[in-house]
file entry.pdb (PDB, C-alpha atoms)
MODEL        1
ATOM      1  CA  MET A  16      12.750  14.008   4.485
ATOM      2  CA  ALA A  17      10.055  12.656   6.811
ATOM      3  CA  ASN A  18      10.427  12.573  10.589
ATOM      4  CA  ILE A  19      11.401   9.470  12.546
ATOM      5  CA  CYS A  20      10.821   8.414  16.148
ATOM      6  CA  ASP A  21      12.941   9.545  19.100
ATOM      7  CA  ILE A  22      14.420   6.054  19.535
ATOM      8  CA  CYS A  23      15.931   6.098  16.041
ATOM      9  CA  LEU A  24      17.151   9.685  16.458
ATOM     10  CA  LYS A  25      19.065   8.750  19.610
ATOM     11  CA  GLN A  26      20.479   5.509  18.211
ATOM     12  CA  TYR A  27      21.480   6.564  14.701
ATOM     13  CA  THR A  28      23.557   9.727  15.146
ATOM     14  CA  TYR A  29      26.238  11.176  12.890
ATOM     15  CA  ASP A  30      28.896  10.233  15.481
ATOM     16  CA  SER A  31      27.739   6.623  15.316
ATOM     17  CA  PHE A  32      28.219   6.490  11.542
ATOM     18  CA  ASN A  33      31.647   8.115  11.899
ATOM     19  CA  SER A  34      32.589   5.418  14.426
ATOM     20  CA  ILE A  35      31.661   2.738  11.886
ATOM     21  CA  ILE A  36      34.003   4.269   9.290
ATOM     22  CA  TYR A  37      36.956   4.408  11.665
ATOM     23  CA  GLY A  38      36.438   0.864  12.992
ATOM     24  CA  SER A  39      34.990   1.638  16.426
ATOM     25  CA  ALA A  40      31.356   0.788  15.778
ATOM     26  CA  ASP A  41      29.024   0.311  18.706
ATOM     27  CA  PHE A  42      27.293  -3.019  19.246
ATOM     28  CA  ALA A  43      23.989  -1.163  18.780
ATOM     29  CA  PHE A  44      24.506  -1.510  15.020
ATOM     30  CA  ARG A  45      24.628  -5.287  15.080
ATOM     31  CA  GLN A  46      21.228  -5.627  13.478
ATOM     32  CA  ILE A  47      19.354  -5.409  10.187
ATOM     33  CA  ILE A  48      19.146  -1.852   8.786
ATOM     34  CA  THR A  49      15.789  -0.164   9.366
ATOM     35  CA  TYR A  50      14.169   2.750   7.546
ATOM     36  CA  GLY A  51      15.062   4.992  10.492
ATOM     37  CA  CYS A  52      18.722   3.974  10.253
ATOM     38  CA  LEU A  53      18.760   4.467   6.475
ATOM     39  CA  CYS A  54      17.063   7.865   6.819
ATOM     40  CA  GLN A  55      19.762   9.109   9.198
ATOM     41  CA  LEU A  56      22.496   7.515   7.065
ATOM     42  CA  LEU A  57      21.363   9.419   3.953
ATOM     43  CA  LYS A  58      21.369  12.694   5.885
ATOM     44  CA  TRP A  59      24.830  11.915   7.263
ATOM     45  CA  ALA A  60      26.204  11.142   3.776
ATOM     46  CA  LYS A  61      24.897  14.442   2.418
ATOM     47  CA  ALA A  62      26.492  16.373   5.300
ATOM     48  CA  LYS A  63      29.731  14.414   4.846
ATOM     49  CA  LYS A  64      29.919  15.300   1.161
ATOM     50  CA  GLN A  65      29.339  18.992   1.925
ATOM     51  CA  SER A  66      32.218  18.914   4.415
ATOM     52  CA  TYR A  67      34.465  17.395   1.721
ATOM     53  CA  ASN A  68      33.454  20.136  -0.733
ATOM     54  CA  THR A  69      34.403  22.884   1.726
ATOM     55  CA  ALA A  70      37.661  21.200   2.827
ATOM     56  CA  VAL A  71      40.981  21.724   1.005
ATOM     57  CA  GLY A  72      41.284  18.039   0.252
ATOM     58  CA  ASN A  73      39.982  14.633   1.289
ATOM     59  CA  THR A  74      42.657  12.883   3.328
ATOM     60  CA  ASP A  75      40.363   9.967   4.270
ATOM     61  CA  ASP A  76      40.488   6.721   2.333
ATOM     62  CA  PHE A  77      36.747   6.997   1.825
ATOM     63  CA  PRO A  78      34.487   7.502  -1.245
ATOM     64  CA  THR A  79      33.471  11.089  -2.016
ATOM     65  CA  ASP A  80      30.229  10.368  -3.892
ATOM     66  CA  LEU A  81      26.934   9.967  -2.007
ATOM     67  CA  SER A  82      26.170   6.445  -3.185
ATOM     68  CA  GLY A  83      29.700   5.251  -2.414
ATOM     69  CA  MET A  84      29.576   6.671   1.118
ATOM     70  CA  VAL A  85      26.240   4.998   1.833
ATOM     71  CA  TYR A  86      27.343   1.657   0.320
ATOM     72  CA  THR A  87      30.466   1.555   2.499
ATOM     73  CA  VAL A  88      28.556   2.101   5.736
ATOM     74  CA  ILE A  89      25.758  -0.295   4.767
ATOM     75  CA  ASN A  90      28.214  -3.090   4.006
ATOM     76  CA  LYS A  91      29.944  -2.590   7.350
ATOM     77  CA  ILE A  92      26.653  -2.551   9.267
ATOM     78  CA  HIS A  93      25.527  -5.670   7.440
ATOM     79  CA  THR A  94      28.805  -7.384   8.331
ATOM     80  CA  PHE A  95      28.283  -6.539  12.000
ATOM     81  CA  GLY A  96      24.756  -7.900  11.747
ATOM     82  CA  ALA A  97      25.723 -11.225  10.175
ATOM     83  CA  SER A  98      24.815 -13.073  13.393
ATOM     84  CA  SER A  99      21.429 -11.426  13.600
ATOM     85  CA  SER A 100      18.321 -13.593  13.896
ATOM     86  CA  ASN A 101      17.081 -12.120  10.614
ATOM     87  CA  ALA A 102      20.265 -12.977   8.714
ATOM     88  CA  SER A 103      19.048 -16.458   7.776
ATOM     89  CA  SER A 104      15.874 -15.155   6.094
ATOM     90  CA  ILE A 105      17.124 -12.065   4.232
ATOM     91  CA  GLN A 106      20.413 -10.956   2.700
ATOM     92  CA  LEU A 107      21.805  -7.705   1.377
ATOM     93  CA  LYS A 108      21.199  -7.148  -2.330
ATOM     94  CA  SER A 109      24.189  -7.840  -4.522
ATOM     95  CA  THR A 110      23.572  -4.519  -6.294
ATOM     96  CA  LEU A 111      22.375  -1.782  -3.970
ATOM     97  CA  PRO A 112      20.082   0.955  -5.314
ATOM     98  CA  ALA A 113      21.451   4.426  -6.051
ATOM     99  CA  TYR A 114      21.334   7.201  -3.459
ATOM    100  CA  CYS A 115      18.312   8.883  -5.096
ATOM    101  CA  THR A 116      16.413   5.567  -5.231
ATOM    102  CA  MET A 117      17.055   4.882  -1.528
ATOM    103  CA  ASN A 118      16.001   8.450  -0.736
ATOM    104  CA  ARG A 119      12.658   7.943  -2.532
ATOM    105  CA  SER A 120      12.074   4.623  -0.761
ATOM    106  CA  VAL A 121      12.717   6.174   2.660
ATOM    107  CA  THR A 122      10.488   9.174   1.947
ATOM    108  CA  ARG A 123       7.673   6.904   0.763
ATOM    109  CA  ALA A 124       8.002   4.650   3.828
ATOM    110  CA  LEU A 125       8.021   7.540   6.313
ATOM    111  CA  THR A 126       5.152   9.604   4.945
ATOM    112  CA  THR A 127       2.651  11.031   7.461
ATOM    113  CA  GLY A 128       0.147   8.408   8.625
ATOM    114  CA  ASN A 129       2.364   5.541   7.408
ATOM    115  CA  VAL A 130       5.416   5.763   9.685
ATOM    116  CA  ASN A 131       7.610   2.655   9.486
ATOM    117  CA  CYS A 132      10.996   3.857  10.760
ATOM    118  CA  CYS A 133      11.508   0.796  12.989
ATOM    119  CA  LEU A 134      10.827  -1.715  10.188
ATOM    120  CA  THR A 135      13.416  -3.350   7.931
ATOM    121  CA  ALA A 136      14.460  -1.215   4.945
ATOM    122  CA  GLN A 137      13.187  -3.616   2.288
ATOM    123  CA  CYS A 138      14.808  -1.614  -0.532
ATOM    124  CA  LEU A 139      18.206  -2.943   0.647
ATOM    125  CA  TYR A 140      17.385  -6.627   1.138
ATOM    126  CA  GLU A 141      16.166  -9.628  -0.764
ATOM    127  CA  SER A 142      14.926 -13.017   0.372
ATOM    128  CA  SER A 143      17.489 -15.764   0.868
ATOM    129  CA  SER A 144      14.706 -18.354   1.082
ATOM    130  CA  PRO A 145      12.043 -18.928  -1.593
ATOM    131  CA  THR A 146       9.474 -19.679   1.119
ATOM    132  CA  LEU A 147       9.994 -16.384   2.958
ATOM    133  CA  HIS A 148       6.740 -14.647   3.708
ATOM    134  CA  ILE A 149       6.603 -11.143   2.191
ATOM    135  CA  GLN A 150       4.650  -8.717   4.384
ATOM    136  CA  THR A 151       1.633  -7.012   2.893
ATOM    137  CA  ALA A 152       0.950  -3.295   3.386
ATOM    138  CA  THR A 153      -1.579  -4.103   6.130
ATOM    139  CA  GLU A 154       0.911  -6.328   7.969
ATOM    140  CA  ARG A 155       3.624  -3.660   7.769
ATOM    141  CA  LYS A 156       1.232  -1.048   9.146
ATOM    142  CA  ARG A 157       0.193  -3.388  11.984
ATOM    143  CA  ALA A 158       3.840  -4.032  12.837
ATOM    144  CA  SER A 159       4.605  -0.291  12.906
ATOM    145  CA  ARG A 160       1.874   0.241  15.518
ATOM    146  CA  MET A 161       3.868  -1.824  17.992
ATOM    147  CA  ASN A 162       5.905   1.356  18.468
ATOM    148  CA  VAL A 163       4.122   3.437  21.155
ATOM    149  CA  PHE A 164       5.444   6.746  19.777
ATOM    150  CA  LEU A 165       4.191   5.993  16.267
ATOM    151  CA  ARG A 166       0.808   4.800  17.506
ATOM    152  CA  HIS A 167       0.361   7.997  19.540
ATOM    153  CA  SER A 168       1.282  10.093  16.482
ATOM    154  CA  GLU A 169      -1.312   8.284  14.373
ATOM    155  CA  GLN A 170      -4.003   8.761  17.033
ATOM    156  CA  THR A 171      -3.213  12.491  17.222
ATOM    157  CA  ASP A 172      -3.555  12.830  13.445
ATOM    158  CA  ASN A 173      -6.898  11.005  13.502
ATOM    159  CA  THR A 174      -8.196  13.288  16.275
ATOM    160  CA  LYS A 175      -7.237  16.421  14.329
ATOM    161  CA  ARG A 176      -8.878  15.030  11.200
ATOM    162  CA  ARG A 177     -12.140  14.315  13.061
ATOM    163  CA  LYS A 178     -12.187  17.819  14.583
ATOM    164  CA  LEU A 179     -11.847  19.360  11.132
ATOM    165  CA  ARG A 180     -14.607  17.176   9.718
ATOM    166  CA  ARG A 181     -16.957  18.022  12.605
ATOM    167  CA  LYS A 182     -16.959  21.653  11.496
ATOM    168  CA  ASP A 183     -19.054  20.430   8.571
ATOM    169  CA  SER A 184     -22.701  20.475   9.739
ATOM    170  CA  ASP A 185     -23.672  17.619   7.381
ATOM    171  CA  TYR A 186     -20.899  15.373   8.721
ATOM    172  CA  ARG A 187     -21.764  16.293  12.331
ATOM    173  CA  GLN A 188     -25.435  15.469  11.739
ATOM    174  CA  GLN A 189     -24.469  12.152  10.149
ATOM    175  CA  GLU A 190     -22.201  11.328  13.092
ATOM    176  CA  GLN A 191     -24.936  12.149  15.624
ATOM    177  CA  THR A 192     -27.407   9.946  13.736
ATOM    178  CA  SER A 193     -24.897   7.114  13.688
ATOM    179  CA  ASN A 194     -24.250   7.488  17.439
ATOM    180  CA  THR A 195     -27.991   7.470  18.161
ATOM    181  CA  ILE A 196     -28.480   4.251  16.193
ATOM    182  CA  LYS A 197     -25.487   2.724  17.962
ATOM    183  CA  ARG A 198     -26.851   3.634  21.407
ATOM    184  CA  LYS A 199     -30.252   2.174  20.556
ATOM    185  CA  SER A 200     -28.562  -1.025  19.474
ATOM    186  CA  HIS A 201     -26.511  -1.160  22.695
ATOM    187  CA  ARG A 202     -29.576  -0.586  24.861
ATOM    188  CA  GLN A 203     -31.050  -3.820  23.583
ATOM    189  CA  ASP A 204     -28.262  -5.481  25.545
ATOM    190  CA  PHE A 205     -29.445  -5.893  29.168
ATOM    191  CA  GLU A 206     -25.934  -5.559  30.647
ATOM    192  CA  PHE A 207     -25.213  -2.321  28.765
ATOM    193  CA  ARG A 208     -28.591  -0.871  29.766
ATOM    194  CA  GLN A 209     -27.975  -1.816  33.399
ATOM    195  CA  GLN A 210     -24.537  -0.174  33.304
ATOM    196  CA  GLU A 211     -25.975   3.003  31.754
ATOM    197  CA  GLN A 212     -28.677   3.219  34.422
ATOM    198  CA  SER A 213     -26.096   2.785  37.199
ATOM    199  CA  SER A 214     -23.989   5.570  35.711
ATOM    200  CA  ASP A 215     -27.008   7.907  35.532
ATOM    201  CA  SER A 216     -27.928   7.119  39.132
ATOM    202  CA  SER A 217     -24.414   7.897  40.353
ATOM    203  CA  ARG A 218     -24.418  11.189  38.460
ATOM    204  CA  ARG A 219     -27.776  12.234  39.929
ATOM    205  CA  LYS A 220     -26.630  11.352  43.454
ATOM    206  CA  SER A 221     -23.587  13.586  43.120
ATOM    207  CA  ARG A 222     -25.680  16.470  41.783
ATOM    208  CA  ARG A 223     -28.218  16.107  44.602
ATOM    209  CA  LEU A 224     -25.553  17.258  47.038
ATOM    210  CA  ASP A 225     -26.432  20.736  45.737
ATOM    211  CA  SER A 226     -29.546  21.885  47.660
ATOM    212  CA  GLU A 227     -30.695  24.130  44.794
ATOM    213  CA  TYR A 228     -30.618  21.235  42.328
ATOM    214  CA  ARG A 229     -32.433  18.957  44.761
ATOM    215  CA  GLN A 230     -35.155  21.567  45.244
ATOM    216  CA  HIS A 231     -35.476  22.025  41.498
ATOM    217  CA  GLU A 232     -35.799  18.250  41.014
ATOM    218  CA  LEU A 233     -38.535  18.022  43.657
ATOM    219  CA  THR A 234     -40.420  20.874  42.009
ATOM    220  CA  THR A 235     -40.226  19.136  38.653
ATOM    221  CA  GLN A 236     -41.544  15.908  40.174
ATOM    222  CA  ARG A 237     -44.521  17.736  41.727
ATOM    223  CA  GLU A 238     -45.337  19.243  38.345
ATOM    224  CA  HIS A 239     -45.444  15.798  36.761
ATOM    225  CA  ASN A 240     -47.506  14.389  39.639
ATOM    226  CA  CYS A 241     -50.437  16.773  39.035
ATOM    227  CA  GLY A 242     -53.471  14.534  38.669
ATOM    228  CA  ASN A 243     -55.827  16.678  36.564
ATOM    229  CA  THR A 244     -56.147  19.858  34.554
ATOM    230  CA  VAL A 245     -57.268  21.923  37.539
ATOM    231  CA  GLN A 246     -54.108  21.058  39.430
ATOM    232  CA  LEU A 247     -51.954  21.831  36.376
ATOM    233  CA  VAL A 248     -53.579  25.266  35.937
ATOM    234  CA  SER A 249     -53.218  25.978  39.637
ATOM    235  CA  ARG A 250     -49.578  24.976  39.549
ATOM    236  CA  PHE A 251     -48.933  27.144  36.484
ATOM    237  CA  ARG A 252     -50.531  30.224  38.089
ATOM    238  CA  GLN A 253     -48.494  29.675  41.214
ATOM    239  CA  LEU A 254     -45.270  29.622  39.194
ATOM    240  CA  ILE A 255     -45.944  32.843  37.275
ATOM    241  CA  GLN A 256     -47.806  34.844  39.926
ATOM    242  CA  SER A 257     -44.766  37.020  40.721
ATOM    243  CA  GLY A 258     -43.935  37.585  37.036
ATOM    244  CA  PRO A 259     -40.521  37.482  35.285
ATOM    245  CA  ILE A 260     -38.788  39.804  37.753
ATOM    246  CA  TYR A 261     -35.706  37.726  38.557
ATOM    247  CA  VAL A 262     -32.615  38.823  36.638
ATOM    248  CA  CYS A 263     -29.773  36.396  35.828
ATOM    249  CA  THR A 264     -26.486  37.806  37.063
ATOM    250  CA  SER A 265     -24.656  36.178  34.136
ATOM    251  CA  CYS A 266     -26.759  36.729  30.997
ATOM    252  CA  ASP A 267     -28.824  39.720  32.313
ATOM    253  CA  GLN A 268     -32.167  38.240  31.203
ATOM    254  CA  LEU A 269     -35.430  38.192  33.166
ATOM    255  CA  PHE A 270     -36.902  34.888  34.375
ATOM    256  CA  TYR A 271     -39.673  33.480  36.523
ATOM    257  CA  LYS A 272     -38.826  32.227  39.991
ATOM    258  CA  HIS A 273     -38.706  28.557  39.008
ATOM    259  CA  SER A 274     -36.154  29.262  36.227
ATOM    260  CA  VAL A 275     -33.416  30.649  38.488
ATOM    261  CA  GLN A 276     -31.362  29.646  41.502
ATOM    262  CA  THR A 277     -29.314  31.660  43.963
ATOM    263  CA  ALA A 278     -25.874  32.647  42.742
ATOM    264  CA  ASN A 279     -24.337  31.489  46.036
ATOM    265  CA  SER A 280     -24.972  27.873  45.009
ATOM    266  CA  ILE A 281     -22.554  28.406  42.093
ATOM    267  CA  ARG A 282     -20.085  30.659  43.906
ATOM    268  CA  SER A 283     -19.630  27.982  46.588
ATOM    269  CA  LEU A 284     -18.214  25.614  43.945
ATOM    270  CA  ALA A 285     -15.030  27.747  43.819
ATOM    271  CA  LEU A 286     -14.545  27.294  40.064
ATOM    272  CA  SER A 287     -11.814  29.148  38.169
ATOM    273  CA  GLY A 288     -12.948  32.457  36.631
ATOM    274  CA  ILE A 289     -16.252  32.441  38.526
ATOM    275  CA  ASP A 290     -16.010  36.208  39.167
ATOM    276  CA  THR A 291     -16.149  36.887  35.435
ATOM    277  CA  VAL A 292     -19.501  35.070  35.278
ATOM    278  CA  LEU A 293     -21.273  36.190  38.451
ATOM    279  CA  LEU A 294     -21.461  39.950  37.877
ATOM    280  CA  GLY A 295     -23.207  40.881  41.132
ATOM    281  CA  LYS A 296     -26.545  41.917  39.581
ATOM    282  CA  THR A 297     -29.393  41.705  42.096
ATOM    283  CA  SER A 298     -33.125  41.335  41.572
ATOM    284  CA  SER A 299     -35.927  43.377  43.119
ATOM    285  CA  ASP A 300     -35.787  41.313  46.321
ATOM    286  CA  GLY A 301     -32.108  42.196  46.820
ATOM    287  CA  HIS A 302     -30.773  38.691  46.080
ATOM    288  CA  GLU A 303     -28.436  37.577  43.264
ATOM    289  CA  TYR A 304     -29.736  34.823  40.969
ATOM    290  CA  ILE A 305     -28.449  32.808  38.006
ATOM    291  CA  CYS A 306     -30.599  30.988  35.467
ATOM    292  CA  HIS A 307     -30.445  27.201  35.234
ATOM    293  CA  THR A 308     -28.924  27.315  31.725
ATOM    294  CA  CYS A 309     -25.988  29.516  32.739
ATOM    295  CA  ALA A 310     -25.505  27.467  35.910
ATOM    296  CA  LYS A 311     -25.275  24.266  33.873
ATOM    297  CA  TYR A 312     -22.568  25.659  31.611
ATOM    298  CA  VAL A 313     -20.646  27.118  34.542
ATOM    299  CA  ARG A 314     -20.463  23.661  36.147
ATOM    300  CA  GLN A 315     -19.163  22.202  32.868
ATOM    301  CA  ASN A 316     -16.550  24.982  32.438
ATOM    302  CA  LYS A 317     -17.950  25.784  28.987
ATOM    303  CA  MET A 318     -18.986  28.931  27.145
ATOM    304  CA  PHE A 319     -22.392  30.003  28.331
ATOM    305  CA  HIS A 320     -25.363  29.355  26.117
ATOM    306  CA  CYS A 321     -27.227  32.484  27.229
ATOM    307  CA  LYS A 322     -24.469  34.911  26.246
TER
ENDMDL
END
call {"tool": "encode", "arguments": {"input": "entry.pdb", "output": "structure tokens"}}
result
Amino acid sequence: MANICDICLKQYTYDSFNSIIYGSADFAFRQIITYGCLCQLLKWAKAKKQSYNTAVGNTDDFPTDLSGMVYTVINKIHTFGASSSNASSIQLKSTLPAYCTMNRSVTRALTTGNVNCCLTAQCLYESSSPTLHIQTATERKRASRMNVFLRHSEQTDNTKRRKLRRKDSDYRQQEQTSNTIKRKSHRQDFEFRQQEQSSDSSRRKSRRLDSEYRQHELTTQREHNCGNTVQLVSRFRQLIQSGPIYVCTSCDQLFYKHSVQTANSIRSLALSGIDTVLLGKTSSDGHEYICHTCAKYVRQNKMFHCK
């Protein structure tokens, strides 16, 4: 049988149903029967019948068949709940469904993604007023989401489903296209664009606290500020004049000077597992460097693109 929330598990225990039989029912049962209550009641009845089968004889003045056990408890709970606020709108059916029928109704109501354990067990009740509004499936689902535990369970299932679908390259490409279109649409809104620019500015300010990043940003700006082809060629020759002689301590590849930064700039961040990334490899000048790609992934605590 399907799972129910922790609230129902704590409230509807086997001891509670036993207390109803022997006339010492708790006030907690003075209410309309929910799917969670009915679910626990069906389990209790099955366990009760098994105990009767193993016992020498049944000394209790209590039915021994499953349906009879459930009917007895339901009638007592309904009697306790006669003063409930829902009593004027619904009433217990004159002929209750059989045990197997109630079991199917509970299972159907508590299937994964459609958890309704805190809602009224509609298989037991009928309207006492012809004008009573009957909830649609959408309304029942909306009502079930008022339970924080159930809403969290549904969100977890949706997250797992999206992760599985993102393993499909076609779906991932479709999702990225949809997100791009959505961002373009949002950027037509001045307030959203202003908020996005403020967020980017804050992120750049925090990254500029790193001297290596600031130097790299200034170098990039000078490259873009070259006024003519002669300056561009001169700048290019200056960048490659020493050749690709700088080795990345993480991915062990050779780079030009402008493509690496000192490893101390990353080691000073004191990230977890940093010693497994910075392997102590030095270049011809005796210093340890790391390429910008590996450095970016180290800061994000992700697997490194260069490896």
call {"tool": "residues_near_point", "arguments": {"input": "entry.pdb", "point": "(31.0, 10.7, -2.2)", "cutoff": "10 Å", "atoms": "only C-alpha atoms", "output": "PDB file with C-alpha atoms, in the coordinates of the input"}}
result
ATOM      1  CA  ALA A  60      26.204  11.142   3.776  1.00  0.00           C
ATOM      2  CA  LYS A  61      24.897  14.442   2.418  1.00  0.00           C
ATOM      3  CA  LYS A  63      29.731  14.414   4.846  1.00  0.00           C
ATOM      4  CA  LYS A  64      29.919  15.300   1.161  1.00  0.00           C
ATOM      5  CA  GLN A  65      29.339  18.992   1.925  1.00  0.00           C
ATOM      6  CA  TYR A  67      34.465  17.395   1.721  1.00  0.00           C
ATOM      7  CA  ASN A  68      33.454  20.136  -0.733  1.00  0.00           C
ATOM      8  CA  PHE A  77      36.747   6.997   1.825  1.00  0.00           C
ATOM      9  CA  PRO A  78      34.487   7.502  -1.245  1.00  0.00           C
ATOM     10  CA  THR A  79      33.471  11.089  -2.016  1.00  0.00           C
ATOM     11  CA  ASP A  80      30.229  10.368  -3.892  1.00  0.00           C
ATOM     12  CA  LEU A  81      26.934   9.967  -2.007  1.00  0.00           C
ATOM     13  CA  SER A  82      26.170   6.445  -3.185  1.00  0.00           C
ATOM     14  CA  GLY A  83      29.700   5.251  -2.414  1.00  0.00           C
ATOM     15  CA  MET A  84      29.576   6.671   1.118  1.00  0.00           C
ATOM     16  CA  VAL A  85      26.240   4.998   1.833  1.00  0.00           C
TER      17      VAL A  85
END
call {"tool": "resolve_selection", "arguments": {"input": "entry.pdb", "expression": "the PyMOL selection byres ((chain A and resi 117-120) around 9)", "output": "PyMOL selection string"}}
result
chain A and resi 16+50+53-54+57+111-116+121-125+136-139
call {"tool": "write_last_selection", "arguments": {"input": "entry.pdb", "atoms": "C-alpha atoms", "output": "compact mmCIF listing (two decimals), keeping the file's coordinate frame"}}
result
# COMPACT_ATOMS: atom_id res chain seq x y z
CA MET A 16 12.75 14.01 4.49
CA TYR A 50 14.17 2.75 7.55
CA LEU A 53 18.76 4.47 6.48
CA CYS A 54 17.06 7.86 6.82
CA LEU A 57 21.36 9.42 3.95
CA LEU A 111 22.38 -1.78 -3.97
CA PRO A 112 20.08 0.96 -5.31
CA ALA A 113 21.45 4.43 -6.05
CA TYR A 114 21.33 7.20 -3.46
CA CYS A 115 18.31 8.88 -5.10
CA THR A 116 16.41 5.57 -5.23
CA VAL A 121 12.72 6.17 2.66
CA THR A 122 10.49 9.17 1.95
CA ARG A 123 7.67 6.90 0.76
CA ALA A 124 8.00 4.65 3.83
CA LEU A 125 8.02 7.54 6.31
CA ALA A 136 14.46 -1.22 4.94
CA GLN A 137 13.19 -3.62 2.29
CA CYS A 138 14.81 -1.61 -0.53
CA LEU A 139 18.21 -2.94 0.65
call {"tool": "atom_distance", "arguments": {"input": "entry.pdb", "atom1": "atom CA of A:Val248", "atom2": "atom CA of A:Ser226"}}
result
27.0 Å
call {"tool": "residues_around", "arguments": {"input": "entry.pdb", "residues": "A:Ser257", "least_positions_apart": "4", "cutoff": "9 Å", "atoms": "all atoms listed in the file", "output": "number ranges by chain"}}
result
A: 253, 271-272
call {"tool": "closest_residue", "arguments": {"input": "entry.pdb", "among": "A:Gly51, A:Gly288, A:Gly301, A:Gly295", "to": "A:Thr264", "atoms": "all atoms listed in the file"}}
result
A:Gly295
call {"tool": "atom_distance", "arguments": {"input": "entry.pdb", "atom1": "atom CA of A:Ser168", "atom2": "atom CA of A:Cys20"}}
result
9.7 Å
call {"tool": "atom_distance", "arguments": {"input": "entry.pdb", "atom1": "atom CA of A:Cys263", "atom2": "atom CA of A:Ile305"}}
result
4.4 Å
call {"tool": "closest_residue", "arguments": {"input": "entry.pdb", "among": "A:Gln268, A:Gln315, A:Ser34, A:Ser280", "to": "A:Ser298", "atoms": "only C-alpha atoms"}}
result
A:Gln268
call {"tool": "resolve_selection", "arguments": {"input": "entry.pdb", "expression": "the PyMOL selection byres ((chain A and resi 27-29) around 12)", "output": "PyMOL selection string"}}
result
chain A and resi 19-26+30-36+40-41+43-44+48-63+88+92+132-133
call {"tool": "residues_around", "arguments": {"input": "entry.pdb", "residues": "A:Ser299", "least_positions_apart": "4", "cutoff": "9 Å", "atoms": "only C-alpha atoms", "output": "PyMOL selection string"}}
result
chain A and resi 260-262
